[in-house]
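Shown here: protein_8.cif, mmCIF, C-alpha atoms and all ligand atoms.
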```
data_query
loop_
_atom_site.label_atom_id
_atom_site.label_comp_id
_atom_site.auth_asym_id
_atom_site.auth_seq_id
_atom_site.Cartn_x
_atom_site.Cartn_y
_atom_site.Cartn_z
CA MET A 1 0.00 0.00 0.00
CA VAL A 2 1.11 3.55 -0.65
CA ASP A 3 2.08 5.35 2.59
CA LEU A 4 0.05 8.54 2.23
CA LYS A 5 1.57 10.13 5.32
CA ILE A 6 4.83 10.35 3.38
CA HIS A 7 2.97 12.13 0.60
CA ILE A 8 1.65 14.65 3.14
CA LYS A 9 5.17 15.11 4.52
CA ILE A 10 6.21 16.02 0.97
CA ALA A 11 3.21 18.37 0.57
CA LEU A 12 4.04 20.14 3.84
CA GLY A 13 7.68 20.31 2.74
CA TYR A 14 6.47 22.27 -0.31
CA PHE A 15 4.35 24.46 1.95
CA PHE A 16 7.43 25.23 4.03
CA ILE A 17 9.46 26.09 0.91
CA THR A 18 6.53 28.28 -0.30
CA ALA A 19 6.49 30.14 3.02
CA LEU A 20 10.29 30.50 3.00
CA LEU A 21 10.25 31.97 -0.51
CA GLY A 22 7.31 34.23 0.43
CA PHE A 23 9.28 35.41 3.48
CA LEU A 24 12.35 36.13 1.29
CA LEU A 25 10.15 38.11 -1.13
CA ARG A 26 8.87 40.22 1.76
CA LEU A 27 12.42 40.59 3.12
CA ASP A 28 13.43 41.87 -0.30
CA HIS A 29 10.97 44.78 0.13
CA ILE A 30 13.13 46.04 3.01
CA SER A 31 16.62 44.91 2.08
CA ASP A 32 16.84 44.34 -1.68
CA LEU A 33 18.53 40.94 -1.34
CA LEU A 34 17.16 38.91 -4.26
CA PRO A 35 19.02 39.04 -7.60
CA ASN A 36 15.75 38.50 -9.49
CA TYR A 37 12.49 39.13 -7.59
CA ARG A 38 10.17 37.96 -10.41
CA TYR A 39 11.96 34.61 -10.77
CA ILE A 40 11.34 33.94 -7.05
CA VAL A 41 7.67 34.99 -7.39
CA HIS A 42 7.32 32.42 -10.21
CA THR A 43 9.00 29.72 -8.08
CA HIS A 44 6.91 30.61 -5.03
CA SER A 45 3.56 30.58 -6.85
CA HIS A 46 4.27 27.32 -8.75
CA ILE A 47 5.45 25.44 -5.65
CA ALA A 48 2.47 26.78 -3.66
CA LEU A 49 -0.24 25.83 -6.15
CA LEU A 50 1.28 22.77 -7.81
CA GLY A 51 3.42 21.53 -4.91
CA TRP A 52 1.54 22.19 -1.67
CA VAL A 53 -2.14 22.37 -2.67
CA TYR A 54 -2.06 19.88 -5.55
CA THR A 55 -0.13 17.21 -3.59
CA ALA A 56 -2.36 17.64 -0.52
CA LEU A 57 -5.65 17.52 -2.48
CA THR A 58 -4.68 14.59 -4.72
CA THR A 59 -3.48 12.64 -1.65
CA LEU A 60 -6.84 13.24 0.07
CA ILE A 61 -8.72 12.15 -3.07
CA TYR A 62 -6.54 9.03 -3.36
CA GLN A 63 -7.14 8.14 0.30
CA LEU A 64 -10.93 8.48 -0.02
CA PHE A 65 -11.54 6.94 -3.44
CA LEU A 66 -8.57 4.95 -4.69
CA HIS A 67 -6.60 3.53 -1.75
CA LYS A 68 -6.43 -0.12 -2.90
CA LYS A 69 -3.50 -2.46 -3.04
CA GLU A 70 -3.96 -3.22 -6.74
CA LEU A 71 -3.50 0.44 -7.68
CA SER A 72 -0.39 1.09 -5.57
CA LYS A 73 2.18 0.39 -8.28
CA LYS A 74 0.51 2.48 -10.96
CA TYR A 75 -0.16 5.34 -8.56
CA ARG A 76 3.43 5.31 -7.27
CA THR A 77 4.68 5.79 -10.83
CA LEU A 78 2.28 8.68 -11.45
CA PHE A 79 3.18 10.26 -8.09
CA LEU A 80 6.92 9.94 -8.76
CA PHE A 81 6.56 11.44 -12.23
CA THR A 82 4.55 14.36 -10.79
CA GLN A 83 7.15 14.98 -8.08
CA ILE A 84 9.97 15.06 -10.65
CA THR A 85 8.09 17.78 -12.56
CA ILE A 86 7.51 19.84 -9.36
CA ILE A 87 11.13 19.52 -8.19
CA GLY A 88 12.20 20.38 -11.74
CA MET A 89 10.21 23.62 -11.48
CA LEU A 90 11.67 24.32 -8.03
CA VAL A 91 15.20 24.09 -9.43
CA THR A 92 14.71 25.83 -12.79
CA PHE A 93 12.38 28.77 -12.02
CA PRO A 94 14.86 30.54 -9.68
CA ILE A 95 17.63 30.19 -12.29
CA GLN A 96 15.84 31.12 -15.50
CA GLY A 97 12.30 32.31 -14.70
CA TYR A 98 10.12 31.30 -17.66
CA GLY A 99 12.82 29.55 -19.74
CA LEU A 100 13.24 26.38 -21.72
CA PHE A 101 13.62 23.96 -18.81
CA SER A 102 11.03 25.47 -16.48
CA ILE A 103 8.54 25.44 -19.36
CA ILE A 104 9.38 21.78 -20.08
CA PHE A 105 8.79 20.81 -16.42
CA SER A 106 5.57 22.85 -16.17
CA THR A 107 4.28 21.25 -19.37
CA LEU A 108 5.11 17.78 -18.07
CA TYR A 109 3.29 18.68 -14.85
CA LEU A 110 0.16 19.46 -16.90
CA PHE A 111 0.31 15.96 -18.39
CA ALA A 112 0.76 14.49 -14.90
CA SER A 113 -2.36 16.33 -13.71
CA TYR A 114 -4.35 15.05 -16.72
CA GLY A 115 -3.05 11.60 -15.77
CA PHE A 116 -4.43 12.01 -12.25
CA MET A 117 -7.85 13.00 -13.57
CA TRP A 118 -7.88 9.94 -15.86
CA PHE A 119 -6.74 7.72 -12.96
CA PHE A 120 -9.56 9.04 -10.74
CA ILE A 121 -12.31 8.50 -13.31
CA ARG A 122 -10.94 5.16 -14.47
CA TYR A 123 -10.51 3.51 -11.06
CA THR A 124 -13.43 4.74 -8.95
CA SER A 125 -16.13 2.11 -8.52
CA LYS A 126 -19.72 2.34 -9.77
CA ASP A 127 -20.94 2.88 -6.20
CA GLN A 128 -18.45 5.66 -5.55
CA LYS A 129 -19.55 7.34 -8.78
CA GLN A 130 -23.08 7.65 -7.35
CA THR A 131 -21.93 9.79 -4.42
CA PHE A 132 -22.29 13.56 -4.30
CA SER A 133 -18.68 13.93 -3.19
CA TYR A 134 -17.51 12.08 -6.33
CA LYS A 135 -19.53 14.44 -8.52
CA LEU A 136 -18.02 17.52 -6.86
CA ILE A 137 -14.46 16.18 -7.01
CA ARG A 138 -14.88 15.21 -10.67
CA ALA A 139 -16.05 18.78 -11.36
CA GLY A 140 -13.06 20.10 -9.39
CA LEU A 141 -10.73 18.00 -11.54
CA TRP A 142 -12.39 19.31 -14.70
CA TYR A 143 -11.57 22.83 -13.51
CA LEU A 144 -7.96 21.71 -13.03
CA VAL A 145 -7.91 20.68 -16.70
CA ILE A 146 -9.70 23.88 -17.78
CA SER A 147 -7.23 26.02 -15.81
CA SER A 148 -4.41 24.52 -17.87
CA LEU A 149 -5.76 26.30 -20.98
CA GLY A 150 -4.19 29.43 -19.40
CA PRO A 151 -0.57 28.17 -19.57
CA TRP A 152 -1.16 26.67 -23.05
CA ALA A 153 -2.45 30.07 -24.24
CA LEU A 154 0.60 31.78 -22.66
CA GLY A 155 2.87 29.87 -25.03
CA ILE A 156 1.01 31.28 -28.04
CA ILE A 157 0.73 34.79 -26.53
CA MET A 158 4.49 35.00 -25.77
CA ASN A 159 5.19 34.28 -29.44
CA THR A 160 2.59 36.73 -30.76
CA THR A 161 1.35 39.69 -28.70
CA GLY A 162 4.08 39.39 -26.00
CA SER A 163 4.19 39.51 -22.21
CA SER A 164 3.10 43.15 -21.90
CA SER A 165 -0.24 42.56 -23.66
CA ASP A 166 -3.67 42.39 -22.00
CA TRP A 167 -3.93 38.80 -23.24
CA TYR A 168 -0.89 37.79 -21.18
CA ARG A 169 -2.33 39.09 -17.90
CA SER A 170 -5.80 37.70 -18.76
CA SER A 171 -4.47 34.18 -19.34
CA ILE A 172 -2.63 34.26 -15.98
CA TYR A 173 -5.87 35.35 -14.29
CA PHE A 174 -7.76 32.63 -16.18
CA PHE A 175 -5.33 30.02 -14.82
CA LEU A 176 -5.49 31.41 -11.27
CA HIS A 177 -9.28 31.70 -11.30
CA PHE A 178 -9.95 28.12 -12.39
CA GLN A 179 -7.25 26.86 -10.01
CA TYR A 180 -8.59 28.39 -6.83
CA ASN A 181 -12.29 29.05 -7.46
CA GLY A 182 -12.66 25.88 -9.50
CA TRP A 183 -10.21 23.08 -8.73
CA PHE A 184 -9.43 23.98 -5.08
CA ILE A 185 -12.78 25.18 -3.75
CA VAL A 186 -15.08 22.74 -5.59
CA THR A 187 -12.82 19.81 -4.56
CA LEU A 188 -12.83 21.03 -0.95
CA PHE A 189 -16.65 20.98 -1.07
CA GLY A 190 -16.36 17.42 -2.39
CA LEU A 191 -14.32 16.45 0.68
CA LEU A 192 -16.87 18.13 2.95
CA PHE A 193 -19.70 16.22 1.27
CA HIS A 194 -17.76 12.99 1.82
CA ILE A 195 -17.89 13.67 5.57
CA LEU A 196 -21.58 14.63 5.41
CA GLU A 197 -22.52 11.54 3.39
CA LYS A 198 -20.54 9.20 5.67
CA GLY A 199 -22.03 11.01 8.66
CA MET A 200 -25.50 10.02 7.45
CA VAL A 201 -26.66 13.58 6.86
CA SER A 202 -29.52 13.05 4.46
CA ILE A 203 -29.23 15.24 1.38
CA SER A 204 -31.84 14.71 -1.31
CA LYS A 205 -30.86 14.50 -4.99
CA ARG A 206 -32.91 17.62 -5.64
CA GLU A 207 -31.11 19.64 -2.94
CA PHE A 208 -27.73 18.50 -4.20
CA LYS A 209 -28.57 19.27 -7.82
CA LEU A 210 -29.53 22.82 -6.90
CA PHE A 211 -26.36 23.34 -4.82
CA PHE A 212 -24.17 21.78 -7.54
CA ARG A 213 -25.65 23.90 -10.32
CA LEU A 214 -25.44 27.16 -8.38
CA LEU A 215 -21.85 26.40 -7.34
CA ASN A 216 -20.65 25.58 -10.85
CA LEU A 217 -22.53 28.37 -12.56
CA GLY A 218 -21.02 30.71 -9.97
CA VAL A 219 -17.49 29.43 -10.71
CA ILE A 220 -17.94 30.02 -14.45
CA CYS A 221 -19.59 33.45 -14.09
CA SER A 222 -17.08 34.69 -11.49
CA PHE A 223 -14.29 34.35 -14.07
CA PHE A 224 -15.55 37.69 -15.36
CA THR A 225 -14.47 39.36 -12.10
CA SER A 226 -10.90 38.62 -13.24
CA ILE A 227 -11.27 40.63 -16.46
CA LEU A 228 -12.96 43.74 -15.04
CA TRP A 229 -9.55 45.48 -14.96
CA LEU A 230 -9.99 45.72 -18.76
CA GLU A 231 -13.03 47.98 -18.10
CA PRO A 232 -15.31 45.93 -20.36
CA HIS A 233 -19.02 46.46 -21.24
CA SER A 234 -21.35 46.77 -18.21
CA PHE A 235 -22.82 43.35 -19.10
CA PHE A 236 -19.65 41.71 -17.68
CA TYR A 237 -20.00 43.58 -14.37
CA ALA A 238 -23.57 42.26 -14.15
CA ILE A 239 -22.39 38.66 -14.70
CA ALA A 240 -19.69 39.08 -12.04
CA LEU A 241 -22.36 40.30 -9.60
CA ILE A 242 -24.71 37.45 -10.51
CA ALA A 243 -21.85 35.04 -9.68
CA VAL A 244 -21.72 36.47 -6.15
CA LEU A 245 -25.48 35.96 -5.82
CA LEU A 246 -25.30 32.37 -7.10
CA HIS A 247 -22.53 31.48 -4.66
CA GLY A 248 -24.32 33.30 -1.86
CA ILE A 249 -27.42 31.12 -2.38
CA ALA A 250 -25.35 27.92 -2.75
CA PHE A 251 -23.44 28.58 0.48
CA TYR A 252 -26.66 29.42 2.30
CA ILE A 253 -28.27 26.12 1.23
CA LEU A 254 -25.28 24.17 2.51
CA PHE A 255 -25.04 26.22 5.70
CA LYS A 256 -28.72 25.56 6.46
CA LYS A 257 -28.27 21.84 5.85
CA ILE A 258 -25.32 21.67 8.23
CA ARG A 259 -27.05 23.80 10.87
CA ASN A 260 -30.15 21.57 10.79
CA ASN A 261 -27.97 18.48 11.22
CA TRP A 262 -25.42 20.05 13.52
CA LYS A 263 -25.69 17.41 16.25
CA VAL A 264 -24.91 14.60 13.80
CA VAL A 265 -22.11 16.55 12.11
CA ARG A 266 -20.55 17.63 15.40
CA ALA A 267 -20.42 14.07 16.66
CA LYS A 268 -18.30 13.12 13.64
CA LEU A 269 -15.75 15.94 13.94
CA GLU A 270 -12.93 16.53 16.39
CA GLY A 271 -12.92 19.94 18.13
CA SER A 272 -9.91 21.21 16.13
CA THR A 273 -11.49 20.13 12.83
CA GLN A 274 -14.72 21.93 13.73
CA LEU A 275 -12.84 25.10 14.60
CA LEU A 276 -10.74 25.04 11.41
CA LEU A 277 -13.79 24.43 9.22
CA LYS A 278 -15.72 27.24 10.90
CA ILE A 279 -12.81 29.64 10.33
CA ALA A 280 -12.46 28.53 6.70
CA GLY A 281 -16.24 28.96 6.20
CA ALA A 282 -16.17 32.49 7.64
CA LEU A 283 -13.21 33.36 5.40
CA LEU A 284 -15.08 31.98 2.38
CA VAL A 285 -18.11 34.15 3.09
CA THR A 286 -15.85 37.21 3.54
CA LYS A 287 -14.20 36.34 0.22
CA LEU A 288 -17.64 36.64 -1.35
CA LEU A 289 -18.00 40.15 0.10
CA PHE A 290 -14.60 41.14 -1.36
CA GLN A 291 -15.73 39.69 -4.68
CA PHE A 292 -18.91 41.77 -4.49
CA SER A 293 -16.99 45.04 -3.98
CA GLY A 294 -14.54 44.02 -6.71
CA SER A 295 -17.45 43.65 -9.14
CA LEU A 296 -18.72 47.21 -8.75
CA PRO A 297 -17.55 49.40 -11.66
CA HIS A 298 -15.64 52.12 -9.78
CA TYR A 299 -14.10 49.80 -7.19
CA ALA A 300 -13.20 47.08 -9.72
CA TYR A 301 -10.82 49.41 -11.54
CA GLN A 302 -9.29 50.86 -8.35
CA ILE A 303 -8.67 47.39 -6.92
CA SER A 304 -7.15 46.07 -10.14
CA GLN A 305 -4.54 48.88 -9.95
CA ASN A 306 -3.67 48.11 -6.34
CA ILE A 307 -1.14 45.26 -6.13
CA ASP A 308 -1.29 45.13 -2.30
CA LEU A 309 -5.04 44.56 -2.32
CA ILE A 310 -4.74 41.89 -5.02
CA VAL A 311 -1.98 40.04 -3.13
CA ALA A 312 -3.95 40.38 0.15
CA PHE A 313 -7.09 38.97 -1.49
CA LEU A 314 -5.26 36.07 -3.19
CA HIS A 315 -3.52 35.07 0.05
CA TRP A 316 -6.80 35.38 1.95
CA VAL A 317 -7.99 32.58 -0.29
CA PHE A 318 -4.74 30.53 -0.45
CA LEU A 319 -3.56 30.76 3.15
CA GLY A 320 -7.01 31.18 4.68
CA VAL A 321 -9.86 29.41 2.85
CA VAL A 322 -7.79 26.75 1.05
CA SER A 323 -4.89 25.90 3.39
CA ILE A 324 -6.99 26.02 6.58
CA SER A 325 -9.61 23.68 5.01
CA ILE A 326 -6.82 21.37 3.88
CA PHE A 327 -5.47 21.24 7.45
CA ALA A 328 -8.98 20.40 8.67
CA PHE A 329 -9.48 17.56 6.16
CA LEU A 330 -5.96 16.17 6.61
CA GLY A 331 -6.53 16.12 10.38
CA HIS A 332 -9.98 14.57 10.05
CA PHE A 333 -8.76 11.79 7.75
CA LYS A 334 -5.78 11.14 10.06
CA LEU A 335 -3.15 12.21 7.57
CA LEU A 336 -1.88 15.15 9.62
CA ALA A 337 -0.61 15.34 13.18
CA TYR A 338 -2.57 18.30 14.60
CA SER A 339 -0.43 20.63 16.65
CA ARG A 340 -2.78 23.06 18.36
CA LYS A 341 0.01 25.52 19.16
CA ALA A 342 1.30 25.55 15.59
CA LEU A 343 -2.22 25.96 14.19
CA LEU A 344 -2.94 28.88 16.52
CA LEU A 345 0.38 30.47 15.57
CA TYR A 346 -0.53 29.95 11.91
CA ILE A 347 -3.92 31.64 12.36
CA ALA A 348 -2.29 34.53 14.24
CA GLY A 349 0.39 34.96 11.53
CA PHE A 350 -2.25 34.79 8.81
CA ALA A 351 -4.54 37.34 10.51
CA LEU A 352 -1.67 39.75 11.18
CA THR A 353 -0.28 39.52 7.64
CA GLU A 354 -3.70 40.06 6.09
CA ILE A 355 -4.57 43.05 8.29
CA LEU A 356 -1.24 44.69 7.43
CA LEU A 357 -1.51 43.92 3.69
CA PHE A 358 -5.06 45.26 3.45
CA TYR A 359 -3.99 48.32 5.44
CA LYS A 360 -1.07 48.89 3.02
CA GLY A 361 -3.48 48.57 0.10
CA ALA A 362 -5.96 50.97 1.71
CA ILE A 363 -3.40 53.71 2.35
CA ALA A 364 -2.11 53.43 -1.22
CA TRP A 365 -5.71 53.84 -2.43
CA LEU A 366 -6.74 56.65 -0.10
CA GLY A 367 -3.37 58.39 -0.15
CA THR A 368 -3.19 58.61 3.66
CA VAL A 369 -0.03 58.39 5.75
CA SER A 370 1.37 54.97 6.50
CA ILE A 371 2.44 53.73 9.94
CA ASP A 372 6.22 53.55 10.34
CA ASN A 373 7.99 50.38 9.28
CA LEU A 374 4.95 48.79 7.63
CA PRO A 375 7.04 46.58 5.26
CA MET A 376 9.11 45.48 8.26
CA LEU A 377 5.94 44.52 10.19
CA ILE A 378 4.63 42.58 7.16
CA THR A 379 7.96 40.72 6.96
CA ILE A 380 7.80 39.86 10.67
CA SER A 381 4.24 38.56 10.41
CA SER A 382 5.29 36.44 7.40
CA GLY A 383 8.08 35.11 9.65
CA VAL A 384 5.40 34.03 12.16
CA LEU A 385 3.65 32.10 9.36
CA LEU A 386 6.95 30.52 8.34
CA LEU A 387 7.58 29.44 11.93
CA ALA A 388 4.09 27.92 12.28
CA ILE A 389 4.41 26.00 8.99
CA GLY A 390 7.92 24.88 10.02
CA ILE A 391 6.56 23.45 13.30
CA LEU A 392 3.70 21.68 11.48
CA PHE A 393 6.20 20.21 9.02
CA LEU A 394 8.56 19.01 11.78
CA LYS A 395 5.66 17.44 13.71
CA GLN A 396 4.54 15.70 10.55
CA LEU A 397 8.04 14.27 10.00
CA ASN A 398 7.62 12.41 13.30
CA TYR A 399 4.07 11.28 12.49
CA LYS A 400 4.38 7.51 12.15
CA LYS A 401 2.80 5.25 9.59
CA SER A 402 -0.31 3.76 11.21
C1 LIG A 501 3.16 31.14 3.57
C2 LIG A 501 3.30 32.41 3.46
C3 LIG A 501 3.32 33.19 2.16
C4 LIG A 501 3.96 34.37 1.97
C5 LIG A 501 4.78 35.11 2.99
C6 LIG A 501 3.70 34.79 0.61
C7 LIG A 501 4.17 35.96 0.02
C8 LIG A 501 4.04 36.32 -1.29
C9 LIG A 501 4.62 37.47 -1.92
C10 LIG A 501 5.49 38.52 -1.21
C11 LIG A 501 4.26 37.47 -3.22
C12 LIG A 501 4.71 38.46 -4.31
C13 LIG A 501 3.73 39.54 -4.57
C14 LIG A 501 4.26 40.44 -5.67
O1 LIG A 501 5.15 41.26 -5.37
O2 LIG A 501 3.82 40.28 -6.82
C15 LIG A 501 3.43 36.32 -3.45
C16 LIG A 501 2.83 36.00 -4.65
C17 LIG A 501 2.07 34.89 -4.84
N1 LIG A 501 1.75 33.93 -3.91
FE1 LIG A 501 2.32 33.89 -1.96
N2 LIG A 501 2.91 33.86 0.00
C18 LIG A 501 2.65 32.84 0.91
C19 LIG A 501 1.90 31.71 0.68
C20 LIG A 501 1.27 31.40 -0.50
C21 LIG A 501 0.43 30.25 -0.71
C22 LIG A 501 0.08 29.19 0.33
C23 LIG A 501 -0.01 30.32 -1.99
C24 LIG A 501 -0.92 29.38 -2.75
C25 LIG A 501 -1.39 28.25 -2.34
C26 LIG A 501 0.59 31.49 -2.60
C27 LIG A 501 0.39 31.88 -3.92
C28 LIG A 501 0.93 33.00 -4.50
C29 LIG A 501 0.71 33.39 -5.89
C30 LIG A 501 -0.14 32.63 -6.91
C31 LIG A 501 1.42 34.57 -6.11
C32 LIG A 501 1.52 35.37 -7.41
C33 LIG A 501 0.44 36.41 -7.43
C34 LIG A 501 0.45 37.20 -8.72
O3 LIG A 501 1.01 36.74 -9.73
O4 LIG A 501 -0.12 38.30 -8.70
N3 LIG A 501 1.35 32.12 -1.66
N4 LIG A 501 3.30 35.64 -2.25
#
```

I need this file expressed as structure tokens, please.
Amino acid sequence: MVDLKIHIKIALGYFFITALLGFLLRLDHISDLLPNYRYIVHTHSHIALLGWVYTALTTLIYQLFLHKKELSKKYRTLFLFTQITIIGMLVTFPIQGYGLFSIIFSTLYLFASYGFMWFFIRYTSKDQKQTFSYKLIRAGLWYLVISSLGPWALGIIMNTTGSSSDWYRSSIYFFLHFQYNGWFIVTLFGLLFHILEKGMVSISKREFKLFFRLLNLGVICSFFTSILWLEPHSFFYAIALIAVLLHGIAFYILFKKIRNNWKVVRAKLEGSTQLLLKIAGALLVTKLLFQFSGSLPHYAYQISQNIDLIVAFLHWVFLGVVSISIFAFLGHFKLLAYSRKALLLYIAGFALTEILLFYKGAIAWLGTVSIDNLPMLITISSGVLLLAIGILFLKQLNYKKS
């Protein structure tokens, strides 16, 4: 059998490297130490999305749907191939940015991710295919495939309109949107439904269908929020706002279901898992409010010009909604050794960093005076995050195979 705890050790190793690179980027704002800042941003973002989140989510999916002896050998080969592509990116991006070798490794990674999708659909049983969680995770994996159209388009754009064109930025936003709003968030809902279904929370086909349709329609429509910086026709602002409404209704349906079955759900979840899921849920709802303000014509343009607000929003989703939910699911499915102290430190570091980043964005927008040493404070709070992730990683290294 594949030892999935080792896979989570690797995923957390990537998370630690992500945090270290993020810390160095922030340190560079106060000390100018990196020879090429953009190359490290590329390394950081690839290892975060394709190393940490991808490895953690695919390991969870494997544990819940595919963990059978007969598949071990095939899966090990796919996993090894995927890791070679990620380590290849880790080595080549800092040296050459987008260059021949980093592009080769990122392209091979795309094939590995298609391979995982095929593996999932091919080897899940008929019974598993009937579950709601399967349907959500399959949709999540489709978004993973759709997101890859962004990098494929980049290849064409670099050879035609170039990296300073609107098309270049739009295809990066396309990739990011379908990664986090599609692949990450829809898959995380799939994992939540797995717990609900196993916990005997009765969800009718009709209720699920409505939730599923609203969620997916919302994912597709909210892509238009990512192109509002182009100041398009007002029709696109309307679609972006409709997306917020669709997601608002979908989340409310799910929230009501969980609240009505709270006793049953609570009995299935450890205290730490409950707390982490509640925090992630609150962050997800707040994300929707940010999305709403970012879809209003005047604000959309202002926000798109404000790099601090964009980075704060993206990390709200990555470090807050996504990573905190992943911790909760890894802990629930016994793949992660919970360390309460490290998790609290993580939440404190996250909250502090976000407050400071949003504050920095707000003063740039309003033109008011900044507090002294703001970049230094942001670097220190990123150091707190690095420390928390380091402790989680070290604890995980000692987490034995059960
Ligand atoms: C752990 C602590 C982290 C720190 C301190 C950090 C810090 C940073 C910094 C300083 C940047 C560069 C912003 C710029 O100047 O353009 C950045 C960009 C980025 N980070 Fe992080 N980050 C962290 C975690 C993560 C995680 C967990 C993810 C995803 C799962 C992530 C995804 C990204 C992405 C995609 C970008 C590029 C954004 C863009 O192209 O506009 N980061 N991060």

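For stretch 356-373 of chain A, the set of protein, DNA and RNA residues having any atom at most 6 Å away, when counting all atoms listed in the file and skipping those fewer than 6 positions along the same chain, is A:Asp308, A:Leu309, A:Ala312.
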
Taking only residues of chain A that have an atom at most 8 Å from an atom of ligand LIG 501 (chain A), what is each one's shortest atom pair and its distance in Å to one decimal, using only C-alpha atoms and all ligand atoms, in chain and number order, as JSON lines?
```
{"residue": "A:Phe15", "atom": "CA", "partner": "A:LIG501", "partner_atom": "C22", "distance": 6.6}
{"residue": "A:Phe16", "atom": "CA", "partner": "A:LIG501", "partner_atom": "C1", "distance": 7.3}
{"residue": "A:Thr18", "atom": "CA", "partner": "A:LIG501", "partner_atom": "C19", "distance": 5.8}
{"residue": "A:Ala19", "atom": "CA", "partner": "A:LIG501", "partner_atom": "C1", "distance": 3.5}
{"residue": "A:Leu20", "atom": "CA", "partner": "A:LIG501", "partner_atom": "C1", "distance": 7.2}
{"residue": "A:Leu21", "atom": "CA", "partner": "A:LIG501", "partner_atom": "C4", "distance": 7.2}
{"residue": "A:Gly22", "atom": "CA", "partner": "A:LIG501", "partner_atom": "C7", "distance": 3.6}
{"residue": "A:Phe23", "atom": "CA", "partner": "A:LIG501", "partner_atom": "C5", "distance": 4.5}
{"residue": "A:Leu24", "atom": "CA", "partner": "A:LIG501", "partner_atom": "C10", "distance": 7.7}
{"residue": "A:Leu25", "atom": "CA", "partner": "A:LIG501", "partner_atom": "C10", "distance": 4.7}
{"residue": "A:Arg26", "atom": "CA", "partner": "A:LIG501", "partner_atom": "C10", "distance": 4.8}
{"residue": "A:Tyr37", "atom": "CA", "partner": "A:LIG501", "partner_atom": "O1", "distance": 8.0}
{"residue": "A:Arg38", "atom": "CA", "partner": "A:LIG501", "partner_atom": "O2", "distance": 7.7}
{"residue": "A:Val41", "atom": "CA", "partner": "A:LIG501", "partner_atom": "C12", "distance": 5.5}
{"residue": "A:His42", "atom": "CA", "partner": "A:LIG501", "partner_atom": "C32", "distance": 7.1}
{"residue": "A:His44", "atom": "CA", "partner": "A:LIG501", "partner_atom": "N1", "distance": 6.2}
{"residue": "A:Ser45", "atom": "CA", "partner": "A:LIG501", "partner_atom": "C29", "distance": 4.1}
{"residue": "A:His46", "atom": "CA", "partner": "A:LIG501", "partner_atom": "C30", "distance": 7.1}
{"residue": "A:Ala48", "atom": "CA", "partner": "A:LIG501", "partner_atom": "C25", "distance": 4.3}
{"residue": "A:Leu49", "atom": "CA", "partner": "A:LIG501", "partner_atom": "C25", "distance": 4.7}
{"residue": "A:Trp52", "atom": "CA", "partner": "A:LIG501", "partner_atom": "C25", "distance": 6.8}
{"residue": "A:Val53", "atom": "CA", "partner": "A:LIG501", "partner_atom": "C25", "distance": 5.9}
{"residue": "A:Ile172", "atom": "CA", "partner": "A:LIG501", "partner_atom": "O3", "distance": 7.6}
{"residue": "A:Leu176", "atom": "CA", "partner": "A:LIG501", "partner_atom": "C30", "distance": 7.0}
{"residue": "A:Ile307", "atom": "CA", "partner": "A:LIG501", "partner_atom": "O2", "distance": 7.1}
{"residue": "A:Asp308", "atom": "CA", "partner": "A:LIG501", "partner_atom": "C13", "distance": 7.8}
{"residue": "A:Ile310", "atom": "CA", "partner": "A:LIG501", "partner_atom": "O4", "distance": 6.9}
{"residue": "A:Val311", "atom": "CA", "partner": "A:LIG501", "partner_atom": "C13", "distance": 5.9}
{"residue": "A:Leu314", "atom": "CA", "partner": "A:LIG501", "partner_atom": "C28", "distance": 7.0}
{"residue": "A:His315", "atom": "CA", "partner": "A:LIG501", "partner_atom": "N3", "distance": 5.9}
{"residue": "A:Phe318", "atom": "CA", "partner": "A:LIG501", "partner_atom": "C25", "distance": 4.5}
{"residue": "A:Leu319", "atom": "CA", "partner": "A:LIG501", "partner_atom": "C22", "distance": 4.9}
{"residue": "A:Val322", "atom": "CA", "partner": "A:LIG501", "partner_atom": "C25", "distance": 7.4}
{"residue": "A:Ser323", "atom": "CA", "partner": "A:LIG501", "partner_atom": "C22", "distance": 6.7}
{"residue": "A:Thr379", "atom": "CA", "partner": "A:LIG501", "partner_atom": "C5", "distance": 7.6}
{"residue": "A:Ser382", "atom": "CA", "partner": "A:LIG501", "partner_atom": "C5", "distance": 4.6}
{"residue": "A:Gly383", "atom": "CA", "partner": "A:LIG501", "partner_atom": "C5", "distance": 7.4}
{"residue": "A:Leu385", "atom": "CA", "partner": "A:LIG501", "partner_atom": "C1", "distance": 5.9}
{"residue": "A:Leu386", "atom": "CA", "partner": "A:LIG501", "partner_atom": "C1", "distance": 6.1}
{"residue": "A:Ile389", "atom": "CA", "partner": "A:LIG501", "partner_atom": "C1", "distance": 7.6}
```

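Between atom CA of A:Ile146 and atom CA of A:Tyr109 there is a distance of 14.3 Å.
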
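When all atoms listed in the file are used to measure the gap to A:Leu154, the shortest distance among A:Tyr98, A:Gln130, A:Phe184, A:Glu354 belongs to A:Tyr98.
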
Residues at most 12 Å from A:Ile324, counting only C-alpha atoms, excluding those fewer than 3 positions away in the same chain, as a VMD selection string?
chain A and resid 53 56 185 188 272 to 284 315 to 321 327 to 331 338 343 to 344 346 to 347 350 389

Size and centre in Å, one decimal, axis-aligned box, all listed stretch 43-51 of chain A atoms plus 6 Å per side, as JSON:
```
{"center_x": 4.4, "center_y": 26.1, "center_z": -6.2, "size_x": 21.2, "size_y": 21.1, "size_z": 17.1}
```

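The shortest atom-to-atom distance to A:Lys73, with only C-alpha atoms taken into account, belongs to A:Val2 out of A:Leu387, A:Phe292, A:Val2, A:Phe212.
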
Report as a list in words all protein, DNA and RNA residues lying within 12 Å of A:Ala238, evaluated on all atoms listed in the file, omitting residues in the same chain fewer than 2 positions from it.
Cys221, Ser222, Phe224, Thr225, Leu228, Pro232, His233, Ser234, Phe235, Phe236, Ala240, Leu241, Ile242, Ala243, Val244, Leu245, Phe292, Gly294, Ser295, Leu296 and Pro297 of chain A
